[in-house]
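Novice: There's a structure below that I have some questions on.
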Number of protein chains: 2
Amino acid sequence: MDRIFNAVDLRRALGGAEGTVLVPTMGNLHEGHIDLVRQARQAGGPVVTSIFVNPLQFGQGEDFECYPRTLEADCDKLAAAGCDLVFCPSVTEMYPETQTFTVHPPLADQLCGAHRPGHFEGVCTVVLKLFNLVQPAQAIFGKKDYQQLYLLKAMTRQFNLPIRILEGETIRAQDGLALSSRNGYLTEAERAEAPRLYQVLQAAAVRLKQHDTLARVEAWATDALQQHGWNVDYVSVRSRNSLLTPENGDGQRVILAAARLGTTRLIDNLEVDVD
Amino acid sequence: MDRIFNAVDLRRALGGAEGTVLVPTMGNLHEGHIDLVRQARQAGGPVVTSIFVNPLQFGQGEDFECYPRTLEADCDKLAAAGCDLVFCPSVTEMYPETQTFTVHPPLADQLCGAHRPGHFEGVCTVVLKLFNLVQPAQAIFGKKDYQQLYLLKAMTRQFNLPIRILEGETIRAQDGLALSSRNGYLTEAERAEAPRLYQVLQAAAVRLKQHDTLARVEAWATDALQQHGWNVDYVSVRSRNSLLTPENGDGQRVILAAARLGTTRLIDNLEVDVD
């Protein structure tokens, strides 16, 4: 498996390759990422995984500095999963000059956007750059980062990028906790508590299907988490089609949540169909 | 010469073509555009000219509705100039859904940006879309729209687009007036007055070379235009490298101006090297 550090070598290595599938990551890979790589392999051409901890998507006071960098272990896992090429540029390589052009996405003040100013602007900008560097035919993103996936699909469509976006299902630990690099920040006690996030989403889904109101379901779930020491950023029931509050008759829903245990912010979501 | 109206036909027509050169225009073509097409032909592969009056780059009260649409005459000129393909999508084709993703450019509150809110956001967004639709190896823009050219070069670089940007010199009428579709809006008396814009830029350049201060040169040029009935948006001396106020020692300058005669807004610029 080739390891490539800059754009020039990347274009040389990929030159003319058809049907490339890109798996953008920030490294510190877990089974969720590896599952994306496996799915990418089934999708066709050469698989390129990018590993880049993108400073543009971290806010002030967030964990950019201490975000885990584990390149050697990541490359071992990727090679074993059948990835063909790892692109792991430096910050200077991705941003040789101040990035004064950015992508301005919608919903930037909604859900995670409301709690992480500039986050999705940073995500969309770096993904657009990676798309232009790798020029993949397909790219895959996990559904755990639901708002991110929604936005990247919409960006690809609205910017007429000739790229098909694939979706990876959320991979969970045995106890239901969605895999995330940030799980590594949890203390033992927090790790034992963490599965409650998904349990509460599941219970909220039952209430939704029983036609409880959105406001009541959101308030119930928030309370259920707060009672166990969670600091809740939001629990929100949205339309899967717009990520906005569902209109009457739109039964394709998703419950999204973000909440903190100690200093660690966890997110999860669950799709629900309501009659 | 093929005429293509939608993205599907465009991809089919271009499929696999190497070295395409794109000439983005809003139509109503004059000798300035045709010169870009000629230069594009010399640059290599097939030449694609896009004709699209982009609503996103027009502000409220601007001339989107009455901007001249002259497709048949444009196509005759392009065929004669050796253009291979014209891409002339409808507004619905370019914006099948509300464009909620936009490119956020720098310098948006400077020069023309200060007088046309949202203009460069609209320009950069549509050009990014056209780039992704046509996937050219090169694209050419005229130097008459100097701030636009500067921004599109920077966008291409910062978004890692694999596209080389070519620059077309400004084409002028015999009396010095820069060719522009908007010259067609001028009355006979205004058309006789219009060449003063370039004359004032030339006289300002002489003053700059004689080391008159920027503020004095700008004030002199503004006054020279106002005395002849021009409504001046700005006359500004900038660094060609940053489009900001030149720092001491940066002699690579450009004088940019925008001013209105009656209801018609004209722009022009002149590069000047100062010791």
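Every chain in the structure tokens has a letter given in the order shown (A, B, ...), and although residue numbers restart at 1 in each chain, ligands are simply numbered from 1 in the order shown.
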At a cut-off of 7 Å, list the chain B residues touching chain A, using only C-alpha atoms, as a count of residues only.

Specialist: 18

Novice: Identify, on the basis of only C-alpha atoms, every residue whose closest approach to Phe87 in chain A does not exceed 6 Å; exclude the query and any residue fewer than 6 positions from it along the same chain; express the result as a ChimeraX atom specification.

Specialist: /A:4-5,50

Novice: Could the residues in this selection be saved with C-alpha atoms as a short mmCIF file (atom, residue, chain, number, x, y, z; two decimals), in the first residue's frame?

Specialist:
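Final output, saved to part_7.cif:
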data_model
loop_
_atom_site.label_atom_id
_atom_site.label_comp_id
_atom_site.auth_asym_id
_atom_site.auth_seq_id
_atom_site.Cartn_x
_atom_site.Cartn_y
_atom_site.Cartn_z
CA ILE A 4 1.52 9.64 -0.30
CA PHE A 5 2.20 12.97 1.40
CA SER A 50 -7.14 10.17 3.22
#

Novice: I'd like the contact shell of His119 in chain A - 6 Å cut-off, only C-alpha atoms, skipping same-chain residues fewer than 3 positions apart - returned as a short mmCIF file (atom, residue, chain, number, x, y, z; two decimals) with N, CA and C atoms, in the first residue's frame.

Specialist:
data_model
loop_
_atom_site.label_atom_id
_atom_site.label_comp_id
_atom_site.auth_asym_id
_atom_site.auth_seq_id
_atom_site.Cartn_x
_atom_site.Cartn_y
_atom_site.Cartn_z
N GLN A 57 -11.88 22.68 10.65
CA GLN A 57 -13.19 22.26 11.16
C GLN A 57 -13.23 22.18 12.67
N ARG A 116 -21.04 24.23 17.11
CA ARG A 116 -19.67 24.23 16.62
C ARG A 116 -19.56 25.24 15.47
N GLY A 122 -15.73 24.29 7.58
CA GLY A 122 -14.41 23.64 7.51
C GLY A 122 -14.48 22.26 6.90
#

Novice: Leu197 in chain B: which residues within 8 Å, counting only C-alpha atoms, same-chain residues fewer than 4 positions away excluded, as a count of residues only?

Specialist: 5

Novice: Where does DSSP see strand (DSSP E) in range 75-199 of chain A, if you list the residues as a VMD selection string?

Specialist: chain A and resid 85 to 87 102 to 104 138 to 142 164 to 168

Novice: Write out, as a tab-separated table, each residue of range 134-245 of chain B that has an atom at most 10 Å from range 24-44 of chain B, together with the closest pair of atoms and their distance in Å to one decimal, counting only C-alpha atoms, rows going by chain and rising number.

Specialist:
residue	atom	partner	partner_atom	distance
B:Ala137	CA	B:Gly44	CA	9.4
B:Gln138	CA	B:Ala43	CA	8.1
B:Ala139	CA	B:Pro24	CA	7.7
B:Ile140	CA	B:Leu36	CA	6.7
B:Phe141	CA	B:Leu36	CA	7.3
B:Gly142	CA	B:Leu36	CA	7.3
B:Lys144	CA	B:Gly32	CA	9.2
B:Leu166	CA	B:Ala40	CA	8.3
B:Glu167	CA	B:Leu36	CA	8.4
B:Gly168	CA	B:Leu36	CA	5.9
B:Glu169	CA	B:Gly32	CA	8.3
B:Thr170	CA	B:Gly32	CA	6.7
B:Ile171	CA	B:Gly32	CA	5.1
B:Arg172	CA	B:Gly32	CA	7.9
B:Ala173	CA	B:Glu31	CA	9.4
B:Ala178	CA	B:Gly32	CA	8.6
B:Leu179	CA	B:Gly32	CA	6.3
B:Ser180	CA	B:His30	CA	7.3
B:Ser181	CA	B:Asn28	CA	6.2
B:Arg182	CA	B:Asn28	CA	9.4
B:Gly184	CA	B:Asn28	CA	9.8

Novice: Can you write just those residues out, C-alpha atoms, as a compact mmCIF listing (two decimals), in the first residue's frame?

Specialist:
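The result, stored in part_36.txt:
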# COMPACT_ATOMS: atom_id res chain seq x y z
CA ALA B 137 -7.78 21.37 -18.25
CA GLN B 138 -7.66 25.13 -18.78
CA ALA B 139 -10.07 28.05 -18.54
CA ILE B 140 -9.69 31.63 -19.73
CA PHE B 141 -11.00 34.89 -18.29
CA GLY B 142 -10.46 38.48 -19.44
CA LYS B 144 -11.12 43.69 -17.92
CA LEU B 166 -5.34 31.71 -18.69
CA GLU B 167 -5.69 35.49 -18.87
CA GLY B 168 -7.02 37.45 -21.83
CA GLU B 169 -5.90 41.02 -22.44
CA THR B 170 -8.60 43.68 -22.51
CA ILE B 171 -9.79 44.44 -26.04
CA ARG B 172 -10.59 48.09 -26.72
CA ALA B 173 -12.45 50.13 -29.29
CA ALA B 178 -12.83 48.62 -23.11
CA LEU B 179 -15.30 46.35 -24.92
CA SER B 180 -18.22 45.30 -22.72
CA SER B 181 -21.73 44.02 -23.26
CA ARG B 182 -22.92 46.91 -21.13
CA GLY B 184 -24.71 48.68 -25.59

Novice: Do you know which residues are at most 12 Å from Phe64 in chain B counting only C-alpha atoms, after dropping those on the same chain fewer than 2 positions away, and could you put them as a list in words?

Specialist: Met26, Phe52, Val53, Asn54, Pro55, Leu56, Gln57, Phe58, Gly59, Gln60, Gly61, Glu62, Cys66, Tyr67, Pro68, Arg69, Val91, His119 and Arg182 of chain B

Novice: Let me see the file: selected residues, N, CA and C atoms, as an mmCIF file, in the first residue's frame.

Specialist:
data_model
loop_
_atom_site.group_PDB
_atom_site.id
_atom_site.type_symbol
_atom_site.label_atom_id
_atom_site.label_comp_id
_atom_site.auth_asym_id
_atom_site.auth_seq_id
_atom_site.Cartn_x
_atom_site.Cartn_y
_atom_site.Cartn_z
ATOM 1 N N MET B 26 -21.291 35.267 -20.424
ATOM 2 C CA MET B 26 -22.726 35.478 -20.254
ATOM 3 C C MET B 26 -23.363 35.785 -21.618
ATOM 4 N N PHE B 52 -24.164 31.692 -20.186
ATOM 5 C CA PHE B 52 -25.155 31.569 -19.106
ATOM 6 C C PHE B 52 -25.220 32.884 -18.355
ATOM 7 N N VAL B 53 -26.371 33.534 -18.416
ATOM 8 C CA VAL B 53 -26.587 34.759 -17.640
ATOM 9 C C VAL B 53 -26.986 34.299 -16.243
ATOM 10 N N ASN B 54 -26.057 34.434 -15.312
ATOM 11 C CA ASN B 54 -26.147 33.796 -13.997
ATOM 12 C C ASN B 54 -26.905 34.662 -12.992
ATOM 13 N N PRO B 55 -28.132 34.312 -12.656
ATOM 14 C CA PRO B 55 -28.905 35.173 -11.749
ATOM 15 C C PRO B 55 -28.225 35.382 -10.402
ATOM 16 N N LEU B 56 -27.418 34.398 -9.980
ATOM 17 C CA LEU B 56 -26.801 34.453 -8.647
ATOM 18 C C LEU B 56 -25.817 35.615 -8.490
ATOM 19 N N GLN B 57 -25.292 36.139 -9.604
ATOM 20 C CA GLN B 57 -24.292 37.199 -9.488
ATOM 21 C C GLN B 57 -24.870 38.582 -9.731
ATOM 22 N N PHE B 58 -26.193 38.663 -9.938
ATOM 23 C CA PHE B 58 -26.852 39.957 -10.090
ATOM 24 C C PHE B 58 -27.528 40.315 -8.783
ATOM 25 N N GLY B 59 -27.390 41.566 -8.357
ATOM 26 C CA GLY B 59 -28.062 42.030 -7.155
ATOM 27 C C GLY B 59 -29.460 42.518 -7.479
ATOM 28 N N GLN B 60 -30.201 42.815 -6.417
ATOM 29 C CA GLN B 60 -31.525 43.423 -6.593
ATOM 30 C C GLN B 60 -31.366 44.770 -7.273
ATOM 31 N N GLY B 61 -32.220 45.015 -8.266
ATOM 32 C CA GLY B 61 -32.165 46.297 -8.969
ATOM 33 C C GLY B 61 -31.106 46.341 -10.046
ATOM 34 N N GLU B 62 -30.326 45.272 -10.199
ATOM 35 C CA GLU B 62 -29.341 45.230 -11.282
ATOM 36 C C GLU B 62 -30.029 44.742 -12.569
ATOM 37 N N CYS B 66 -32.833 42.488 -18.036
ATOM 38 C CA CYS B 66 -32.674 43.106 -19.360
ATOM 39 C C CYS B 66 -31.294 42.867 -19.952
ATOM 40 N N TYR B 67 -30.476 42.037 -19.260
ATOM 41 C CA TYR B 67 -29.149 41.742 -19.819
ATOM 42 C C TYR B 67 -29.346 41.130 -21.207
ATOM 43 N N PRO B 68 -28.634 41.613 -22.224
ATOM 44 C CA PRO B 68 -28.935 41.165 -23.596
ATOM 45 C C PRO B 68 -28.677 39.682 -23.834
ATOM 46 N N ARG B 69 -29.688 38.980 -24.345
ATOM 47 C CA ARG B 69 -29.568 37.566 -24.737
ATOM 48 C C ARG B 69 -29.598 37.488 -26.262
ATOM 49 N N VAL B 91 -31.587 28.410 -16.633
ATOM 50 C CA VAL B 91 -31.442 28.673 -15.195
ATOM 51 C C VAL B 91 -31.851 27.435 -14.398
ATOM 52 N N HIS B 119 -22.134 39.689 -5.347
ATOM 53 C CA HIS B 119 -21.753 39.483 -6.747
ATOM 54 C C HIS B 119 -20.665 38.406 -6.900
ATOM 55 N N ARG B 182 -22.150 45.791 -21.686
ATOM 56 C CA ARG B 182 -22.920 46.907 -21.134
ATOM 57 C C ARG B 182 -22.714 48.211 -21.914
#

Novice: Just give me the gap between CA of Gln110 in chain A and CA of Glu271 in chain A in Å, one decimal is fine.

Specialist: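 Atom-to-atom, CA of Gln110 in chain A to CA of Glu271 in chain A, that is 17.9 Å.
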